[in-house]
$ cat protein.csv   # CSV, C-alpha atoms and all ligand atoms
chain,number,residue,atom,x,y,z
A,1,MET,CA,32.5,30.8,25.3
A,2,LEU,CA,28.8,30.4,25.9
A,3,ASN,CA,27.5,32.5,28.7
A,4,ARG,CA,24.6,31.2,30.8
A,5,ARG,CA,21.9,33.3,29.1
A,6,ARG,CA,23.0,32.3,25.6
A,7,PHE,CA,23.2,28.6,26.6
A,8,LEU,CA,19.7,28.7,28.0
A,9,LYS,CA,18.4,30.5,24.8
A,10,LEU,CA,20.0,27.9,22.6
A,11,SER,CA,18.7,25.0,24.7
A,12,LEU,CA,15.2,26.4,24.6
A,13,SER,CA,15.3,26.9,20.8
A,14,ALA,CA,16.6,23.3,20.4
A,15,GLY,CA,13.9,22.0,22.7
A,16,ALA,CA,11.2,23.9,20.8
A,17,ALA,CA,12.5,22.6,17.4
A,18,GLY,CA,12.5,19.1,18.8
A,19,LEU,CA,9.0,19.4,20.2
A,20,GLY,CA,7.8,20.9,16.9
A,21,THR,CA,9.4,18.0,14.9
A,22,GLY,CA,7.9,15.5,17.3
A,23,LEU,CA,4.4,17.0,16.9
A,24,TYR,CA,4.7,17.2,13.1
A,25,THR,CA,5.9,13.5,13.0
A,26,TRP,CA,3.0,12.4,15.2
A,27,LYS,CA,0.1,14.7,14.4
A,28,VAL,CA,0.6,16.1,10.9
A,29,GLU,CA,2.5,13.9,8.5
A,30,PRO,CA,0.7,10.6,9.2
A,31,HIS,CA,-2.6,12.2,8.0
A,32,TRP,CA,-1.1,14.4,5.2
A,33,LEU,CA,-2.1,12.3,2.2
A,34,GLU,CA,-0.4,13.0,-1.1
A,35,LEU,CA,-2.2,12.0,-4.4
A,36,VAL,CA,0.6,10.8,-6.5
A,37,THR,CA,-0.2,10.9,-10.2
A,38,ARG,CA,2.0,9.0,-12.7
A,39,PRO,CA,1.8,7.1,-16.0
A,40,LEU,CA,1.5,3.4,-16.1
A,41,PRO,CA,2.6,2.2,-19.5
A,42,ILE,CA,1.3,-1.3,-20.4
A,43,CYS,CA,2.2,-3.4,-23.5
A,44,GLY,CA,-0.8,-4.0,-25.7
A,45,LEU,CA,-3.2,-1.9,-23.6
A,46,PRO,CA,-6.6,-1.9,-25.3
A,47,THR,CA,-7.4,1.5,-26.7
A,48,SER,CA,-10.6,1.6,-24.6
A,49,LEU,CA,-8.3,1.8,-21.5
A,50,SER,CA,-5.9,4.4,-22.8
A,51,GLY,CA,-6.1,7.3,-20.4
A,52,ALA,CA,-8.1,5.3,-17.8
A,53,ARG,CA,-7.1,5.9,-14.2
A,54,LEU,CA,-6.3,3.1,-11.8
A,55,VAL,CA,-6.0,4.2,-8.1
A,56,GLN,CA,-3.9,2.1,-5.9
A,57,LEU,CA,-4.8,2.2,-2.2
A,58,SER,CA,-2.4,0.3,0.1
A,59,ASP,CA,-1.9,-0.4,3.8
A,60,LEU,CA,-4.9,1.5,5.1
A,61,HIS,CA,-4.6,-0.3,8.4
A,62,VAL,CA,-8.1,0.4,9.6
A,63,GLY,CA,-8.3,0.0,13.3
A,64,PRO,CA,-7.6,1.8,16.5
A,65,ARG,CA,-4.3,3.3,15.5
A,66,VAL,CA,-5.6,5.2,12.3
A,67,ASP,CA,-8.3,7.8,12.6
A,68,ASP,CA,-11.5,6.7,10.9
A,69,SER,CA,-12.1,10.3,9.8
A,70,TYR,CA,-8.8,10.3,7.9
A,71,ILE,CA,-9.6,7.0,6.1
A,72,LEU,CA,-13.1,8.2,5.2
A,73,GLU,CA,-11.8,11.5,3.9
A,74,THR,CA,-9.3,9.5,1.8
A,75,PHE,CA,-12.1,7.4,0.5
A,76,GLU,CA,-14.0,10.6,-0.5
A,77,ARG,CA,-11.0,12.1,-2.2
A,78,VAL,CA,-10.5,8.9,-4.3
A,79,ALA,CA,-14.2,8.5,-5.1
A,80,ALA,CA,-14.3,12.1,-6.3
A,81,LEU,CA,-11.7,11.2,-9.0
A,82,LYS,CA,-14.2,8.7,-10.4
A,83,PRO,CA,-11.4,6.3,-11.5
A,84,GLU,CA,-12.0,3.4,-13.8
A,85,ILE,CA,-10.2,0.9,-11.6
A,86,ILE,CA,-9.3,0.8,-7.9
A,87,ALA,CA,-6.8,-1.7,-6.6
A,88,TYR,CA,-6.3,-2.3,-2.9
A,89,THR,CA,-2.9,-3.9,-2.2
A,90,GLY,CA,-3.3,-5.4,1.2
A,91,ASP,CA,-3.2,-4.5,4.9
A,92,PHE,CA,-6.8,-3.3,4.9
A,93,ILE,CA,-6.7,-3.5,8.7
A,94,SER,CA,-4.1,-3.7,11.5
A,95,ASN,CA,-3.8,-7.0,13.3
A,96,HIS,CA,-6.6,-6.5,15.7
A,97,TYR,CA,-8.7,-9.6,15.1
A,98,ASP,CA,-11.9,-8.7,16.8
A,99,LEU,CA,-12.8,-5.6,14.9
A,100,PHE,CA,-14.9,-7.1,12.1
A,101,ASP,CA,-17.9,-4.8,12.8
A,102,HIS,CA,-15.6,-1.8,12.7
A,103,THR,CA,-13.9,-3.0,9.5
A,104,GLU,CA,-17.3,-3.7,7.9
A,105,ARG,CA,-18.6,-0.3,8.8
A,106,ILE,CA,-15.6,1.5,7.3
A,107,TYR,CA,-15.3,-0.5,4.1
A,108,ALA,CA,-19.0,-0.2,3.4
A,109,ARG,CA,-17.9,3.4,2.5
A,110,SER,CA,-14.9,2.3,0.4
A,111,PRO,CA,-14.6,3.8,-3.1
A,112,HIS,CA,-15.3,1.7,-6.2
A,113,GLY,CA,-13.9,1.9,-9.7
A,114,ARG,CA,-16.2,2.5,-12.6
A,115,LEU,CA,-15.0,-0.7,-14.3
A,116,ALA,CA,-13.6,-2.7,-11.4
A,117,THR,CA,-12.6,-2.8,-7.8
A,118,VAL,CA,-10.0,-5.4,-6.9
A,119,GLY,CA,-7.9,-6.2,-3.9
A,120,ILE,CA,-5.4,-8.6,-2.4
A,121,LEU,CA,-4.6,-9.6,1.2
A,122,GLY,CA,-1.6,-8.5,3.2
A,123,ASN,CA,0.0,-10.0,6.3
A,124,HIS,CA,-2.2,-8.0,8.7
A,125,GLU,CA,-5.3,-9.8,7.3
A,126,TYR,CA,-3.9,-13.1,8.7
A,127,GLY,CA,-4.3,-12.3,12.4
A,128,ARG,CA,-1.9,-13.1,15.2
A,129,ALA,CA,1.6,-13.8,13.9
A,130,TRP,CA,0.1,-13.8,10.4
A,131,SER,CA,-1.0,-17.4,11.1
A,132,GLN,CA,-4.8,-17.3,11.4
A,133,PRO,CA,-6.3,-18.1,8.0
A,134,HIS,CA,-9.8,-18.1,9.3
A,135,VAL,CA,-9.4,-14.4,10.1
A,136,ALA,CA,-8.3,-13.8,6.4
A,137,GLU,CA,-11.3,-15.8,5.2
A,138,ARG,CA,-13.7,-13.7,7.2
A,139,LEU,CA,-12.1,-10.5,6.1
A,140,ALA,CA,-12.1,-11.5,2.5
A,141,ALA,CA,-15.8,-12.3,2.7
A,142,LEU,CA,-16.5,-9.0,4.4
A,143,LEU,CA,-14.5,-7.1,1.8
A,144,ARG,CA,-16.2,-8.9,-1.1
A,145,ALA,CA,-19.6,-8.0,0.4
A,146,ALA,CA,-18.3,-4.4,0.4
A,147,GLY,CA,-17.8,-4.7,-3.4
A,148,ILE,CA,-14.1,-5.4,-3.6
A,149,GLU,CA,-13.1,-8.4,-5.7
A,150,ILE,CA,-10.5,-10.1,-3.5
A,151,LEU,CA,-8.0,-12.0,-5.6
A,152,ARG,CA,-6.2,-14.8,-3.9
A,153,ASN,CA,-3.6,-16.2,-6.3
A,154,SER,CA,-6.1,-15.7,-9.1
A,155,VAL,CA,-6.7,-13.6,-12.2
A,156,THR,CA,-9.4,-11.3,-13.3
A,157,GLU,CA,-9.9,-9.4,-16.5
A,158,VAL,CA,-10.9,-5.8,-16.8
A,159,SER,CA,-11.7,-4.6,-20.4
A,160,GLY,CA,-9.0,-6.9,-21.8
A,161,LEU,CA,-6.4,-6.1,-19.0
A,162,GLN,CA,-5.4,-9.2,-17.1
A,163,ILE,CA,-5.0,-8.5,-13.4
A,164,VAL,CA,-3.1,-11.1,-11.3
A,165,GLY,CA,-3.8,-10.8,-7.6
A,166,LEU,CA,-1.4,-12.7,-5.3
A,167,ASP,CA,-1.8,-13.7,-1.7
A,168,ASP,CA,0.5,-12.8,1.1
A,169,LEU,CA,4.1,-14.0,1.5
A,170,TRP,CA,4.6,-13.7,5.3
A,171,ALA,CA,1.3,-15.6,5.9
A,172,HIS,CA,2.7,-18.4,3.7
A,173,HIS,CA,-0.1,-18.0,1.2
A,174,PHE,CA,1.9,-16.6,-1.7
A,175,ASP,CA,1.3,-19.2,-4.4
A,176,PRO,CA,1.5,-17.6,-7.8
A,177,ALA,CA,1.9,-20.6,-10.1
A,178,PRO,CA,-1.8,-21.3,-10.7
A,179,ALA,CA,-2.5,-17.7,-11.4
A,180,LEU,CA,0.5,-17.1,-13.6
A,181,GLU,CA,-0.3,-20.2,-15.6
A,182,MET,CA,-3.7,-18.7,-16.4
A,183,VAL,CA,-2.1,-15.5,-17.7
A,184,GLU,CA,-2.0,-15.3,-21.5
A,185,ALA,CA,1.4,-14.2,-22.7
A,186,GLY,CA,1.4,-11.4,-25.3
A,187,ARG,CA,-1.7,-9.8,-23.8
A,188,PRO,CA,-1.7,-6.8,-21.4
A,189,MET,CA,-1.2,-7.8,-17.8
A,190,LEU,CA,-0.6,-6.3,-14.3
A,191,ALA,CA,0.1,-7.9,-11.0
A,192,LEU,CA,-0.8,-7.0,-7.4
A,193,SER,CA,1.5,-8.4,-4.7
A,194,HIS,CA,1.6,-7.0,-1.2
A,195,ASN,CA,5.1,-7.8,-0.2
A,196,PRO,CA,7.9,-6.4,-2.5
A,197,ASP,CA,10.2,-9.3,-1.7
A,198,THR,CA,8.0,-11.5,-3.8
A,199,VAL,CA,9.4,-10.0,-7.0
A,200,ASP,CA,12.8,-11.6,-6.2
A,201,LEU,CA,11.4,-15.1,-6.1
A,202,PRO,CA,12.0,-17.3,-9.1
A,203,VAL,CA,8.3,-17.7,-10.0
A,204,TRP,CA,7.6,-15.0,-12.5
A,205,ASN,CA,8.6,-16.7,-15.8
A,206,ARG,CA,5.4,-16.0,-17.7
A,207,PHE,CA,4.8,-12.5,-16.3
A,208,ARG,CA,5.9,-9.3,-18.0
A,209,GLY,CA,4.9,-5.9,-16.9
A,210,TRP,CA,4.1,-4.0,-13.6
A,211,VAL,CA,3.8,-5.4,-10.1
A,212,LEU,CA,2.0,-3.0,-7.7
A,213,SER,CA,3.1,-3.5,-4.1
A,214,GLY,CA,2.9,-2.0,-0.7
A,215,HIS,CA,3.9,-3.3,2.8
A,216,THR,CA,6.9,-1.0,3.5
A,217,HIS,CA,5.0,2.2,4.2
A,218,GLY,CA,8.1,3.7,2.7
A,219,GLY,CA,9.8,3.0,6.1
A,220,GLN,CA,7.5,5.7,7.6
A,221,CYS,CA,10.4,7.8,8.8
A,222,LYS,CA,13.3,8.7,6.6
A,223,PRO,CA,16.3,11.0,7.4
A,224,PRO,CA,17.0,13.4,4.5
A,225,PHE,CA,19.4,11.9,2.0
A,226,LEU,CA,19.5,8.5,3.8
A,227,PRO,CA,17.5,5.4,3.4
A,228,PRO,CA,14.8,4.7,6.1
A,229,PRO,CA,16.3,2.7,8.9
A,230,LEU,CA,13.2,0.4,9.5
A,231,LEU,CA,12.0,-1.6,6.5
A,232,PRO,CA,10.1,-4.9,6.8
A,233,VAL,CA,11.8,-6.4,3.7
A,234,LYS,CA,14.8,-8.6,3.0
A,235,ASN,CA,15.8,-6.6,-0.1
A,236,ARG,CA,16.8,-3.3,1.4
A,237,ARG,CA,16.5,-1.6,-2.0
A,238,TYR,CA,12.7,-1.9,-1.8
A,239,THR,CA,11.7,1.3,0.0
A,240,ALA,CA,9.0,3.1,-2.1
A,241,GLY,CA,8.5,4.2,-5.6
A,242,GLU,CA,9.5,2.7,-8.9
A,243,PHE,CA,12.0,-0.2,-9.4
A,244,GLU,CA,13.2,-1.8,-12.6
A,245,LEU,CA,13.3,-5.6,-12.3
A,246,ALA,CA,14.8,-8.5,-14.3
A,247,GLY,CA,12.6,-10.3,-16.8
A,248,ASP,CA,10.9,-7.2,-18.3
A,249,ARG,CA,9.1,-6.3,-15.1
A,250,ARG,CA,8.8,-3.2,-13.1
A,251,MET,CA,7.5,-2.6,-9.6
A,252,TYR,CA,5.8,0.3,-7.9
A,253,ILE,CA,5.8,0.3,-4.1
A,254,SER,CA,3.2,2.6,-2.5
A,255,ARG,CA,4.0,4.4,0.7
A,256,GLY,CA,0.6,3.4,1.8
A,257,VAL,CA,-2.3,5.4,3.4
A,258,GLY,CA,-2.2,4.3,7.0
A,259,HIS,CA,0.3,3.2,9.6
A,260,VAL,CA,0.9,0.8,12.4
A,261,MET,CA,2.7,3.3,14.6
A,262,GLN,CA,1.4,6.9,14.3
A,263,VAL,CA,4.7,8.4,13.1
A,264,ARG,CA,5.8,9.6,9.7
A,265,PHE,CA,8.6,11.8,8.8
A,266,ASN,CA,9.7,12.7,5.2
A,267,VAL,CA,7.5,9.8,4.0
A,268,ARG,CA,4.0,11.2,3.4
A,269,PRO,CA,1.2,8.7,3.0
A,270,GLU,CA,0.0,8.3,-0.6
A,271,ALA,CA,-2.8,7.2,-2.8
A,272,THR,CA,-1.4,6.6,-6.3
A,273,VAL,CA,-3.3,7.6,-9.4
A,274,PHE,CA,-1.9,5.7,-12.3
A,275,VAL,CA,-2.9,6.9,-15.8
A,276,LEU,CA,-2.9,3.9,-18.1
A,277,GLU,CA,-1.1,4.3,-21.5
A,278,SER,CA,0.1,2.0,-24.2
A,279,ALA,CA,3.8,1.1,-23.8
B,1,FE,FE,1.2,-2.4,6.1
$ encode --input "protein.csv" --output "structure tokens" --more "lines below"
Ligand SMILES: [Fe+2]
Amino acid sequence: MLNRRRFLKLSLSAGAAGLGTGLYTWKVEPHWLELVTRPLPICGLPTSLSGARLVQLSDLHVGPRVDDSYILETFERVAALKPEIIAYTGDFISNHYDLFDHTERIYARSPHGRLATVGILGNHEYGRAWSQPHVAERLAALLRAAGIEILRNSVTEVSGLQIVGLDDLWAHHFDPAPALEMVEAGRPMLALSHNPDTVDLPVWNRFRGWVLSGHTHGGQCKPPFLPPPLLPVKNRRYTAGEFELAGDRRMYISRGVGHVMQVRFNVRPEATVFVLESA
């Protein structure tokens, strides 16, 4: 039987452990960025891009809930890598619609790729209830002025690699047909689509290859050996990391850099450094 002193000791230890975990979840892990390096095999990759690095930055969520210093430090770490391509996969801000000056100031210091800097919009760029396209227009203009080529259901080409940039699903602006019709089959290609659920829609006929995605933040908190309980996707399989898809496609979901709520547990934020190679 527990005597009173032992009970008190156990309670205090449990309390201290709980407090420690809480502090870690709030103050440490949300700003403990991991640079994840992995290969990105692409069919028909031009030899000039073999070994080139593409850094994916997703879900930065610039705004009052993410420390500016953390974002700027992340920008510096990525810039120091001098990657050939940087791809931003949406949720540049959190849905605070009156912080254009703040957003402009931060993204004026965003890192650029040596060959290209591209980006797509996420749901948070669309304002209240993801339903204010004028907010998205203004943000897209601001980001373009900061040197990021914002693709909205369109295609760009970087040294022979076709990059398809799709607009956001929740904002009802995901409309891939015009972009996918422009893609030339048999040539190297890559797609950016913020919301992982988009890969399950029957729209990808002509597309083969990788889709880089974000949106989930990996669930932000994940009990060991169990899936994260909170995921903003229909397909509960889509947490984070690599997924094999039908139709000769693969998806990579970044855990993202920022957060909406400042909590992360067992789901560190990431910037992904892809090393391009011929498949
Ligand atoms: Fe997000």
$ closest_atom_pairs --input "protein.csv" --of "chain A" --to "ligand FE 1 (chain B)" --cutoff "10 Å" --atoms "all atoms listed in the file" --output "Markdown table"
| residue | atom | partner | partner_atom | distance |
| --- | --- | --- | --- | --- |
| A:Ser58 | CA | B:FE1 | FE | 7.5 |
| A:Asp59 | CA | B:FE1 | FE | 4.3 |
| A:Leu60 | CA | B:FE1 | FE | 7.3 |
| A:His61 | CA | B:FE1 | FE | 6.6 |
| A:Thr89 | CA | B:FE1 | FE | 9.4 |
| A:Gly90 | CA | B:FE1 | FE | 7.3 |
| A:Asp91 | CA | B:FE1 | FE | 5.0 |
| A:Phe92 | CA | B:FE1 | FE | 8.1 |
| A:Ile93 | CA | B:FE1 | FE | 8.4 |
| A:Ser94 | CA | B:FE1 | FE | 7.7 |
| A:Asn95 | CA | B:FE1 | FE | 9.9 |
| A:Gly122 | CA | B:FE1 | FE | 7.3 |
| A:Asn123 | CA | B:FE1 | FE | 7.7 |
| A:His124 | CA | B:FE1 | FE | 7.0 |
| A:Glu125 | CA | B:FE1 | FE | 9.9 |
| A:His194 | CA | B:FE1 | FE | 8.6 |
| A:Asn195 | CA | B:FE1 | FE | 9.2 |
| A:Gly214 | CA | B:FE1 | FE | 7.0 |
| A:His215 | CA | B:FE1 | FE | 4.4 |
| A:Thr216 | CA | B:FE1 | FE | 6.4 |
| A:His217 | CA | B:FE1 | FE | 6.3 |
| A:Gly218 | CA | B:FE1 | FE | 9.8 |
| A:Pro232 | CA | B:FE1 | FE | 9.3 |
| A:Arg255 | CA | B:FE1 | FE | 9.1 |
| A:Gly256 | CA | B:FE1 | FE | 7.2 |
| A:Val257 | CA | B:FE1 | FE | 9.0 |
| A:Gly258 | CA | B:FE1 | FE | 7.6 |
| A:His259 | CA | B:FE1 | FE | 6.7 |
| A:Val260 | CA | B:FE1 | FE | 7.1 |
$ write_last_selection --input "protein.csv" --atoms "C-alpha atoms" --output "PDB file, keeping the file's coordinate frame"
ATOM      1  CA  SER A  58      -2.400   0.300   0.100  1.00  0.00           C
ATOM      2  CA  ASP A  59      -1.900  -0.400   3.800  1.00  0.00           C
ATOM      3  CA  LEU A  60      -4.900   1.500   5.100  1.00  0.00           C
ATOM      4  CA  HIS A  61      -4.600  -0.300   8.400  1.00  0.00           C
ATOM      5  CA  THR A  89      -2.900  -3.900  -2.200  1.00  0.00           C
ATOM      6  CA  GLY A  90      -3.300  -5.400   1.200  1.00  0.00           C
ATOM      7  CA  ASP A  91      -3.200  -4.500   4.900  1.00  0.00           C
ATOM      8  CA  PHE A  92      -6.800  -3.300   4.900  1.00  0.00           C
ATOM      9  CA  ILE A  93      -6.700  -3.500   8.700  1.00  0.00           C
ATOM     10  CA  SER A  94      -4.100  -3.700  11.500  1.00  0.00           C
ATOM     11  CA  ASN A  95      -3.800  -7.000  13.300  1.00  0.00           C
ATOM     12  CA  GLY A 122      -1.600  -8.500   3.200  1.00  0.00           C
ATOM     13  CA  ASN A 123       0.000 -10.000   6.300  1.00  0.00           C
ATOM     14  CA  HIS A 124      -2.200  -8.000   8.700  1.00  0.00           C
ATOM     15  CA  GLU A 125      -5.300  -9.800   7.300  1.00  0.00           C
ATOM     16  CA  HIS A 194       1.600  -7.000  -1.200  1.00  0.00           C
ATOM     17  CA  ASN A 195       5.100  -7.800  -0.200  1.00  0.00           C
ATOM     18  CA  GLY A 214       2.900  -2.000  -0.700  1.00  0.00           C
ATOM     19  CA  HIS A 215       3.900  -3.300   2.800  1.00  0.00           C
ATOM     20  CA  THR A 216       6.900  -1.000   3.500  1.00  0.00           C
ATOM     21  CA  HIS A 217       5.000   2.200   4.200  1.00  0.00           C
ATOM     22  CA  GLY A 218       8.100   3.700   2.700  1.00  0.00           C
ATOM     23  CA  PRO A 232      10.100  -4.900   6.800  1.00  0.00           C
ATOM     24  CA  ARG A 255       4.000   4.400   0.700  1.00  0.00           C
ATOM     25  CA  GLY A 256       0.600   3.400   1.800  1.00  0.00           C
ATOM     26  CA  VAL A 257      -2.300   5.400   3.400  1.00  0.00           C
ATOM     27  CA  GLY A 258      -2.200   4.300   7.000  1.00  0.00           C
ATOM     28  CA  HIS A 259       0.300   3.200   9.600  1.00  0.00           C
ATOM     29  CA  VAL A 260       0.900   0.800  12.400  1.00  0.00           C
TER      30      VAL A 260
END
$ closest_residue --input "protein.csv" --among "A:Glu84, A:Glu76, A:Asp197, A:Glu149" --to "Trp170 in chain A" --atoms "only C-alpha atoms"
A:Asp197
$ closest_residue --input "protein.csv" --among "A:Arg208, A:Arg105, A:Lys27, A:Arg6" --to "Val62 in chain A" --atoms "only C-alpha atoms"
A:Arg105
$ atom_distance --input "protein.csv" --atom1 "CA of Ala108 in chain A" --atom2 "CA of Ile71 in chain A"
12.1 Å
$ atom_distance --input "protein.csv" --atom1 "CA of Arg77 in chain A" --atom2 "CA of Glu157 in chain A"
25.8 Å
$ atom_distance --input "protein.csv" --atom1 "CA of Arg128 in chain A" --atom2 "CA of Glu104 in chain A"
19.5 Å
$ residues_around --input "protein.csv" --residues "Leu161 in chain A" --least-positions-apart "6" --cutoff "10 Å" --atoms "all atoms listed in the file" --output "list in words"
Ile42, Gly44, Leu45, Pro46, Leu49, Arg187, Pro188, Met189 and Leu190 of chain A
$ closest_residue --input "protein.csv" --among "A:Thr74, A:Thr21, A:Gln220, A:Asn3" --to "Ser110 in chain A" --atoms "all atoms listed in the file"
A:Thr74
$ residues_around --input "protein.csv" --residues "Leu276 in chain A" --least-positions-apart "5" --cutoff "7 Å" --atoms "all atoms listed in the file" --output "PyMOL selection string"
chain A and resi 39-41+49-53
$ closest_residue --input "protein.csv" --among "A:Pro30, A:Leu19, A:Arg236, A:Asp68" --to "Asn266 in chain A" --atoms "all atoms listed in the file"
A:Pro30
$ residues_near_point --input "protein.csv" --point "(8.5, 0.9, -7.9)" --cutoff "10 Å" --atoms "all atoms listed in the file" --output "PDB file with C-alpha atoms, in the frame of the given file"
ATOM      1  CA  PRO A 196       7.900  -6.400  -2.500  1.00  0.00           C
ATOM      2  CA  TRP A 210       4.100  -4.000 -13.600  1.00  0.00           C
ATOM      3  CA  VAL A 211       3.800  -5.400 -10.100  1.00  0.00           C
ATOM      4  CA  LEU A 212       2.000  -3.000  -7.700  1.00  0.00           C
ATOM      5  CA  SER A 213       3.100  -3.500  -4.100  1.00  0.00           C
ATOM      6  CA  GLY A 214       2.900  -2.000  -0.700  1.00  0.00           C
ATOM      7  CA  TYR A 238      12.700  -1.900  -1.800  1.00  0.00           C
ATOM      8  CA  THR A 239      11.700   1.300   0.000  1.00  0.00           C
ATOM      9  CA  ALA A 240       9.000   3.100  -2.100  1.00  0.00           C
ATOM     10  CA  GLY A 241       8.500   4.200  -5.600  1.00  0.00           C
ATOM     11  CA  GLU A 242       9.500   2.700  -8.900  1.00  0.00           C
ATOM     12  CA  PHE A 243      12.000  -0.200  -9.400  1.00  0.00           C
ATOM     13  CA  GLU A 244      13.200  -1.800 -12.600  1.00  0.00           C
ATOM     14  CA  LEU A 245      13.300  -5.600 -12.300  1.00  0.00           C
ATOM     15  CA  ARG A 250       8.800  -3.200 -13.100  1.00  0.00           C
ATOM     16  CA  MET A 251       7.500  -2.600  -9.600  1.00  0.00           C
ATOM     17  CA  TYR A 252       5.800   0.300  -7.900  1.00  0.00           C
ATOM     18  CA  ILE A 253       5.800   0.300  -4.100  1.00  0.00           C
ATOM     19  CA  SER A 254       3.200   2.600  -2.500  1.00  0.00           C
TER      20      SER A 254
END
$ residues_around --input "protein.csv" --residues "Val164 in chain A" --least-positions-apart "2" --cutoff "7 Å" --atoms "only C-alpha atoms" --output "list in words"
Ser154, Val155, Thr156, Gln162, Leu166, Ala179, Leu190, Ala191 and Leu192 of chain A
$ closest_residue --input "protein.csv" --among "A:Asp168, A:Phe207, A:Thr198, A:Ser278" --to "Val183 in chain A" --atoms "all atoms listed in the file"
A:Phe207
$ closest_residue --input "protein.csv" --among "A:Trp26, A:Asp200, A:Val263, A:Arg138" --to "Arg237 in chain A" --atoms "only C-alpha atoms"
A:Asp200
$ residues_around --input "protein.csv" --residues "Glu29 in chain A" --least-positions-apart "5" --cutoff "9 Å" --atoms "all atoms listed in the file" --output "number ranges by chain"
A: 24, 263-269
$ closest_atom_pairs --input "protein.csv" --of "range 114-198 of chain A" --to "range 98-103 of chain A" --cutoff "12 Å" --atoms "all atoms listed in the file" --output "tab-separated table"
residue	atom	partner	partner_atom	distance
A:Glu125	CA	A:Phe100	CA	11.1
A:Gly127	CA	A:Asp98	CA	9.5
A:Arg128	CA	A:Asp98	CA	11.0
A:Val135	CA	A:Asp98	CA	9.1
A:Ala136	CA	A:Phe100	CA	11.0
A:Glu137	CA	A:Phe100	CA	11.7
A:Arg138	CA	A:Phe100	CA	8.3
A:Leu139	CA	A:Phe100	CA	7.4
A:Ala140	CA	A:Phe100	CA	10.9
A:Ala141	CA	A:Phe100	CA	10.8
A:Leu142	CA	A:Phe100	CA	8.1
A:Leu143	CA	A:Thr103	CA	8.7
A:Ala145	CA	A:Thr103	CA	11.8
A:Ala146	CA	A:Thr103	CA	10.2
$ residues_around --input "protein.csv" --residues "Ile150 in chain A" --least-positions-apart "4" --cutoff "7 Å" --atoms "only C-alpha atoms" --output "CSV table (one decimal) with C-alpha atoms, in the coordinates of the input"
chain,number,residue,atom,x,y,z
A,118,VAL,CA,-10.0,-5.4,-6.9
A,119,GLY,CA,-7.9,-6.2,-3.9
A,120,ILE,CA,-5.4,-8.6,-2.4
A,140,ALA,CA,-12.1,-11.5,2.5
A,144,ARG,CA,-16.2,-8.9,-1.1
